[in-house]
file structure.csv (CSV, C-alpha atoms)
chain,number,residue,atom,x,y,z
A,1,MET,CA,0.0,0.0,0.0
A,2,LEU,CA,2.8,2.4,0.8
A,3,ARG,CA,4.5,1.8,-2.5
A,4,CYS,CA,1.2,2.4,-4.3
A,5,GLY,CA,0.5,5.5,-2.3
A,6,LEU,CA,3.8,7.0,-3.4
A,7,ALA,CA,4.4,5.6,-6.9
A,8,CYS,CA,1.0,5.9,-8.5
A,9,GLU,CA,-0.3,9.3,-9.6
A,10,ARG,CA,-3.9,8.3,-9.0
A,11,CYS,CA,-3.1,7.0,-5.5
A,12,ARG,CA,-1.6,10.2,-4.1
A,13,TRP,CA,-5.0,11.4,-3.1
A,14,ILE,CA,-5.5,8.6,-0.5
A,15,LEU,CA,-4.1,10.9,2.3
A,16,PRO,CA,-6.5,13.8,1.6
A,17,LEU,CA,-9.4,11.2,1.5
A,18,LEU,CA,-8.3,10.0,4.9
A,19,LEU,CA,-8.2,13.5,6.2
A,20,LEU,CA,-11.8,14.0,4.8
A,21,SER,CA,-12.9,10.9,6.7
A,22,ALA,CA,-11.3,12.3,9.8
A,23,ILE,CA,-13.2,15.5,9.4
A,24,ILE,CA,-16.4,13.6,9.0
A,25,PHE,CA,-15.6,11.6,12.2
A,26,ASP,CA,-14.9,14.8,14.1
A,27,ILE,CA,-18.1,16.3,13.0
A,28,ILE,CA,-20.0,13.2,14.2
A,29,ALA,CA,-18.1,13.3,17.5
A,30,LEU,CA,-18.8,17.0,18.0
A,31,SER,CA,-22.5,16.7,17.2
A,32,GLY,CA,-23.2,13.2,18.4
A,33,ARG,CA,-25.4,12.5,21.5
A,34,GLY,CA,-23.9,9.1,22.3
A,35,TRP,CA,-20.7,9.9,24.3
A,36,LEU,CA,-21.8,8.1,27.5
A,37,GLU,CA,-24.7,5.9,28.3
A,38,SER,CA,-25.7,4.0,31.4
A,39,GLU,CA,-26.4,0.3,31.2
A,40,ASP,CA,-30.0,0.8,32.3
A,41,ASN,CA,-30.5,3.9,30.1
A,42,SER,CA,-31.1,6.1,33.2
A,43,GLN,CA,-28.5,8.6,32.0
A,44,THR,CA,-27.0,9.6,28.7
A,45,SER,CA,-24.4,12.2,27.8
A,46,SER,CA,-22.9,14.1,24.9
A,47,LEU,CA,-20.0,16.5,24.7
A,48,TRP,CA,-22.4,19.3,25.5
A,49,TRP,CA,-25.2,17.9,27.8
A,50,THR,CA,-25.8,15.2,30.4
A,51,CYS,CA,-29.4,14.1,30.6
A,52,PRO,CA,-31.7,11.5,32.1
A,53,GLY,CA,-32.1,8.6,29.6
A,54,GLU,CA,-35.6,9.5,28.5
A,55,ALA,CA,-34.9,13.1,27.7
A,56,ILE,CA,-32.0,12.9,25.2
A,57,SER,CA,-33.5,10.2,23.1
A,58,GLY,CA,-36.0,12.6,21.5
A,59,GLY,CA,-34.2,15.9,21.7
A,60,ALA,CA,-30.9,17.5,21.4
A,61,GLY,CA,-30.5,18.3,25.1
A,62,SER,CA,-31.8,21.4,26.8
A,63,TYR,CA,-32.7,22.8,30.2
A,64,GLU,CA,-36.4,22.1,29.4
A,65,GLU,CA,-35.6,18.4,29.0
A,66,ASN,CA,-34.1,18.3,32.5
A,67,CYS,CA,-30.6,18.2,31.1
A,68,ARG,CA,-27.5,19.8,32.5
A,69,SER,CA,-25.1,21.6,30.3
A,70,LEU,CA,-21.5,20.5,30.6
A,71,MET,CA,-20.5,24.0,29.4
A,72,ASP,CA,-21.2,25.1,33.0
A,73,PHE,CA,-17.9,23.3,34.0
A,74,ALA,CA,-14.5,24.5,33.1
A,75,TRP,CA,-13.5,20.9,32.1
A,76,GLY,CA,-16.5,20.7,29.8
A,77,ARG,CA,-15.5,23.9,28.0
A,78,ALA,CA,-11.9,22.8,27.8
A,79,ALA,CA,-12.8,19.4,26.3
A,80,ALA,CA,-15.2,21.0,23.7
A,81,ALA,CA,-12.6,23.7,22.8
A,82,MET,CA,-9.8,21.3,22.4
A,83,LEU,CA,-11.8,19.0,20.1
A,84,MET,CA,-13.0,22.0,18.1
A,85,CYS,CA,-9.4,23.3,17.8
A,86,GLY,CA,-8.3,19.9,16.6
A,87,CYS,CA,-11.1,19.9,14.0
A,88,ILE,CA,-10.3,23.4,12.7
A,89,ILE,CA,-6.6,22.5,12.3
A,90,LEU,CA,-7.7,19.3,10.5
A,91,VAL,CA,-9.8,21.3,8.0
A,92,ILE,CA,-6.9,23.7,7.4
A,93,CYS,CA,-4.6,20.7,6.8
A,94,PHE,CA,-7.1,19.1,4.4
A,95,ILE,CA,-7.2,22.3,2.3
A,96,LEU,CA,-3.4,22.6,2.4
A,97,SER,CA,-3.0,19.0,1.3
A,98,PHE,CA,-4.6,19.7,-2.0
A,99,PHE,CA,-2.1,22.5,-2.7
A,100,ALA,CA,0.8,20.5,-1.5
A,101,LEU,CA,0.1,17.5,-3.7
A,102,CYS,CA,-0.8,19.4,-6.8
A,103,GLY,CA,2.6,20.7,-7.8
A,104,PRO,CA,6.3,19.9,-7.3
A,105,GLN,CA,7.1,23.3,-5.9
A,106,MET,CA,4.6,22.8,-3.1
A,107,LEU,CA,6.1,19.7,-1.5
A,108,VAL,CA,7.6,21.9,1.1
A,109,PHE,CA,4.2,22.1,2.8
A,110,LEU,CA,4.1,18.3,3.4
A,111,ARG,CA,6.1,18.4,6.6
A,112,VAL,CA,4.2,21.5,7.8
A,113,ILE,CA,0.9,19.6,7.3
A,114,GLY,CA,2.4,16.7,9.2
A,115,GLY,CA,3.3,18.9,12.1
A,116,LEU,CA,-0.1,20.6,12.2
A,117,LEU,CA,-1.8,17.2,12.1
A,118,ALA,CA,0.4,16.1,15.0
A,119,LEU,CA,-0.7,19.2,16.9
A,120,ALA,CA,-4.4,18.5,16.1
A,121,ALA,CA,-3.9,14.9,17.3
A,122,VAL,CA,-2.5,16.2,20.6
A,123,PHE,CA,-5.5,18.6,21.0
A,124,GLN,CA,-7.9,15.8,20.4
A,125,ILE,CA,-6.2,13.3,22.7
A,126,ILE,CA,-6.3,15.9,25.5
A,127,SER,CA,-10.0,16.4,24.9
A,128,LEU,CA,-10.7,12.7,24.8
A,129,VAL,CA,-8.9,12.2,28.0
A,130,ILE,CA,-10.3,15.2,29.9
A,131,TYR,CA,-13.9,14.2,29.2
A,132,PRO,CA,-14.0,10.7,30.8
A,133,VAL,CA,-11.7,11.6,33.7
A,134,MET,CA,-13.6,14.7,34.7
A,135,TYR,CA,-17.1,13.4,33.9
A,136,THR,CA,-16.5,10.4,36.1
A,137,ARG,CA,-15.2,12.6,38.9
A,138,GLN,CA,-18.1,15.1,38.6
A,139,PHE,CA,-21.1,12.8,38.0
A,140,LEU,CA,-20.2,9.2,38.6
A,141,GLN,CA,-18.1,9.3,41.7
A,142,GLY,CA,-20.6,7.8,44.2
A,143,ASP,CA,-22.5,5.5,41.7
A,144,LEU,CA,-20.8,2.2,42.1
A,145,VAL,CA,-23.8,0.1,41.1
A,146,THR,CA,-24.6,1.3,37.6
A,147,ARG,CA,-22.3,0.5,34.7
A,148,TYR,CA,-21.6,3.2,32.2
A,149,TYR,CA,-20.4,2.7,28.6
A,150,TYR,CA,-18.6,5.2,26.3
A,151,ASN,CA,-20.6,5.0,23.2
A,152,TRP,CA,-20.4,5.5,19.4
A,153,ALA,CA,-19.8,9.3,19.2
A,154,TYR,CA,-16.9,9.0,21.7
A,155,GLY,CA,-15.5,6.2,19.5
A,156,PHE,CA,-15.7,8.4,16.4
A,157,GLY,CA,-13.6,11.0,18.2
A,158,TRP,CA,-10.9,8.4,18.8
A,159,ALA,CA,-11.2,7.1,15.2
A,160,ALA,CA,-10.5,10.6,13.9
A,161,THR,CA,-7.6,11.0,16.3
A,162,ILE,CA,-6.0,7.7,15.2
A,163,ILE,CA,-6.4,8.7,11.5
A,164,LEU,CA,-4.7,12.1,12.4
A,165,ILE,CA,-1.7,10.3,14.0
A,166,GLY,CA,-1.3,8.0,10.9
A,167,CYS,CA,-1.6,10.8,8.4
A,168,SER,CA,0.8,13.0,10.4
A,169,PHE,CA,3.4,10.2,10.1
A,170,PHE,CA,2.9,9.9,6.4
A,171,PHE,CA,2.9,13.6,5.6
A,172,CYS,CA,6.2,14.0,7.5
A,173,CYS,CA,7.7,11.1,5.6
A,174,LEU,CA,6.5,12.0,2.1
A,175,PRO,CA,9.2,14.5,1.3
A,176,ASN,CA,11.8,11.7,1.6
A,177,TYR,CA,10.1,10.1,-1.4
A,178,GLU,CA,9.9,13.2,-3.6
A,179,ASP,CA,11.1,11.5,-6.8
A,180,ASP,CA,8.6,8.7,-6.3
A,181,LEU,CA,5.8,11.2,-5.7
A,182,LEU,CA,6.6,13.2,-8.8
A,183,GLY,CA,7.1,10.1,-11.0
A,184,ASN,CA,10.8,10.7,-11.6
A,185,ALA,CA,12.1,7.6,-9.9
A,186,LYS,CA,13.4,4.6,-11.8
A,187,PRO,CA,11.7,1.3,-11.1
A,188,ARG,CA,13.3,-0.7,-8.4
A,189,TYR,CA,13.3,-4.5,-8.6
A,190,PHE,CA,13.4,-6.8,-5.6
A,191,TYR,CA,15.4,-9.4,-7.3
A,192,THR,CA,17.4,-9.8,-10.5
A,193,SER,CA,17.6,-12.9,-12.7
A,194,SER,CA,21.0,-14.6,-12.7

call {"tool": "encode", "arguments": {"input": "structure.csv", "output": "structure tokens"}}
result
Amino acid sequence: MLRCGLACERCRWILPLLLLSAIIFDIIALSGRGWLESEDNSQTSSLWWTCPGEAISGGAGSYEENCRSLMDFAWGRAAAAMLMCGCIILVICFILSFFALCGPQMLVFLRVIGGLLALAAVFQIISLVIYPVMYTRQFLQGDLVTRYYYNWAYGFGWAATIILIGCSFFFCCLPNYEDDLLGNAKPRYFYTSS
């Protein structure tokens, strides 16, 4: 796969497509209501709200639905801000990747994109670690009976972060294969006939 991604002209767009999928996963994580759910559906939570189980299933979370905003807590604002900053940096890198892969004079941007993706991954990791630690400390400290599960939207946040880490590595390594990327390299053979 690595050889195809570097040697084929049509395959050079795999990395921007991976960045696009990470953007979609981040949007799902930011807007999803399934970050945390209790085993008996007595409580559900998103990045923005924590609600009794019956309230969030039909709505988006509000004070009228007996929900509590996580933006009232500093850790809730920090987790949301870090995930949003990571998503904004990811969108910028997605746009820059088109320019960097279009022409030979723009390959300088590849390592910059890799560094920015690493920064976005750090922001998202911080957000995805702050949320469960502080949520457990704030709301679940005394509840030892009920089991809670981190759900699909939280998983999409981690999926986007893993894609960011992988793409960061590849964007940092691509300038080492500049001739392959531009199609100027001679074919390499694994063995020769004797």

call {"tool": "residues_around", "arguments": {"input": "structure.csv", "residues": "A:Gly166", "least_positions_apart": "2", "cutoff": "12 Å", "atoms": "all atoms listed in the file", "output": "PDB file with C-alpha atoms, in the coordinates of the input"}}
result
ATOM      1  CA  LEU A  15      -4.100  10.900   2.300  1.00  0.00           C
ATOM      2  CA  LEU A  18      -8.300  10.000   4.900  1.00  0.00           C
ATOM      3  CA  LEU A  19      -8.200  13.500   6.200  1.00  0.00           C
ATOM      4  CA  ALA A  22     -11.300  12.300   9.800  1.00  0.00           C
ATOM      5  CA  GLY A 114       2.400  16.700   9.200  1.00  0.00           C
ATOM      6  CA  GLY A 115       3.300  18.900  12.100  1.00  0.00           C
ATOM      7  CA  LEU A 117      -1.800  17.200  12.100  1.00  0.00           C
ATOM      8  CA  ALA A 118       0.400  16.100  15.000  1.00  0.00           C
ATOM      9  CA  ALA A 121      -3.900  14.900  17.300  1.00  0.00           C
ATOM     10  CA  ALA A 159     -11.200   7.100  15.200  1.00  0.00           C
ATOM     11  CA  ALA A 160     -10.500  10.600  13.900  1.00  0.00           C
ATOM     12  CA  THR A 161      -7.600  11.000  16.300  1.00  0.00           C
ATOM     13  CA  ILE A 162      -6.000   7.700  15.200  1.00  0.00           C
ATOM     14  CA  ILE A 163      -6.400   8.700  11.500  1.00  0.00           C
ATOM     15  CA  LEU A 164      -4.700  12.100  12.400  1.00  0.00           C
ATOM     16  CA  SER A 168       0.800  13.000  10.400  1.00  0.00           C
ATOM     17  CA  PHE A 169       3.400  10.200  10.100  1.00  0.00           C
ATOM     18  CA  PHE A 170       2.900   9.900   6.400  1.00  0.00           C
ATOM     19  CA  PHE A 171       2.900  13.600   5.600  1.00  0.00           C
ATOM     20  CA  CYS A 172       6.200  14.000   7.500  1.00  0.00           C
ATOM     21  CA  CYS A 173       7.700  11.100   5.600  1.00  0.00           C
TER      22      CYS A 173
END

call {"tool": "closest_residue", "arguments": {"input": "structure.csv", "among": "A:Ile113, A:Ile126, A:Val108, A:Met71", "to": "A:Ile95", "atoms": "all atoms listed in the file"}}
result
A:Ile113

call {"tool": "residues_around", "arguments": {"input": "structure.csv", "residues": "A:Asn151", "least_positions_apart": "4", "cutoff": "12 Å", "atoms": "all atoms listed in the file", "output": "list in words"}}
result
Ala29, Gly32, Arg33, Gly34, Trp35, Leu36, Glu37, Ser38, Glu39, Thr44, Ser45, Ser46, Leu47, Pro132, Gly155, Phe156, Gly157 and Trp158 of chain A

call {"tool": "write_last_selection", "arguments": {"input": "structure.csv", "atoms": "C-alpha atoms", "output": "compact mmCIF listing (two decimals), in the coordinates of the input"}}
result
# COMPACT_ATOMS: atom_id res chain seq x y z
CA ALA A 29 -18.10 13.30 17.50
CA GLY A 32 -23.20 13.20 18.40
CA ARG A 33 -25.40 12.50 21.50
CA GLY A 34 -23.90 9.10 22.30
CA TRP A 35 -20.70 9.90 24.30
CA LEU A 36 -21.80 8.10 27.50
CA GLU A 37 -24.70 5.90 28.30
CA SER A 38 -25.70 4.00 31.40
CA GLU A 39 -26.40 0.30 31.20
CA THR A 44 -27.00 9.60 28.70
CA SER A 45 -24.40 12.20 27.80
CA SER A 46 -22.90 14.10 24.90
CA LEU A 47 -20.00 16.50 24.70
CA PRO A 132 -14.00 10.70 30.80
CA GLY A 155 -15.50 6.20 19.50
CA PHE A 156 -15.70 8.40 16.40
CA GLY A 157 -13.60 11.00 18.20
CA TRP A 158 -10.90 8.40 18.80

call {"tool": "closest_residue", "arguments": {"input": "structure.csv", "among": "A:Ala79, A:Leu116, A:Gln43, A:Cys85", "to": "A:Ser97", "atoms": "all atoms listed in the file"}}
result
A:Leu116

call {"tool": "atom_distance", "arguments": {"input": "structure.csv", "atom1": "atom CA of A:Ser21", "atom2": "atom CA of A:Ala120"}}
result
14.8 Å

call {"tool": "residues_around", "arguments": {"input": "structure.csv", "residues": "A:Phe98", "least_positions_apart": "3", "cutoff": "12 Å", "atoms": "all atoms listed in the file", "output": "PyMOL selection string"}}
result
chain A and resi 12-17+19-20+91-95+101-103+106-107+109-110+113

call {"tool": "atom_distance", "arguments": {"input": "structure.csv", "atom1": "atom CA of A:Ala100", "atom2": "atom CA of A:Phe123"}}
result
23.4 Å

call {"tool": "closest_residue", "arguments": {"input": "structure.csv", "among": "A:Ala153, A:Val145, A:Ser31, A:Leu128", "to": "A:Leu83", "atoms": "only C-alpha atoms"}}
result
A:Leu128

call {"tool": "atom_distance", "arguments": {"input": "structure.csv", "atom1": "atom CA of A:Leu70", "atom2": "atom CA of A:Thr50"}}
result
6.8 Å

call {"tool": "closest_residue", "arguments": {"input": "structure.csv", "among": "A:Cys67, A:Ile89, A:Ile28, A:Val133", "to": "A:Val112", "atoms": "all atoms listed in the file"}}
result
A:Ile89

call {"tool": "closest_residue", "arguments": {"input": "structure.csv", "among": "A:Thr146, A:Gln124, A:Asn66, A:Thr136", "to": "A:Ala80", "atoms": "only C-alpha atoms"}}
result
A:Gln124
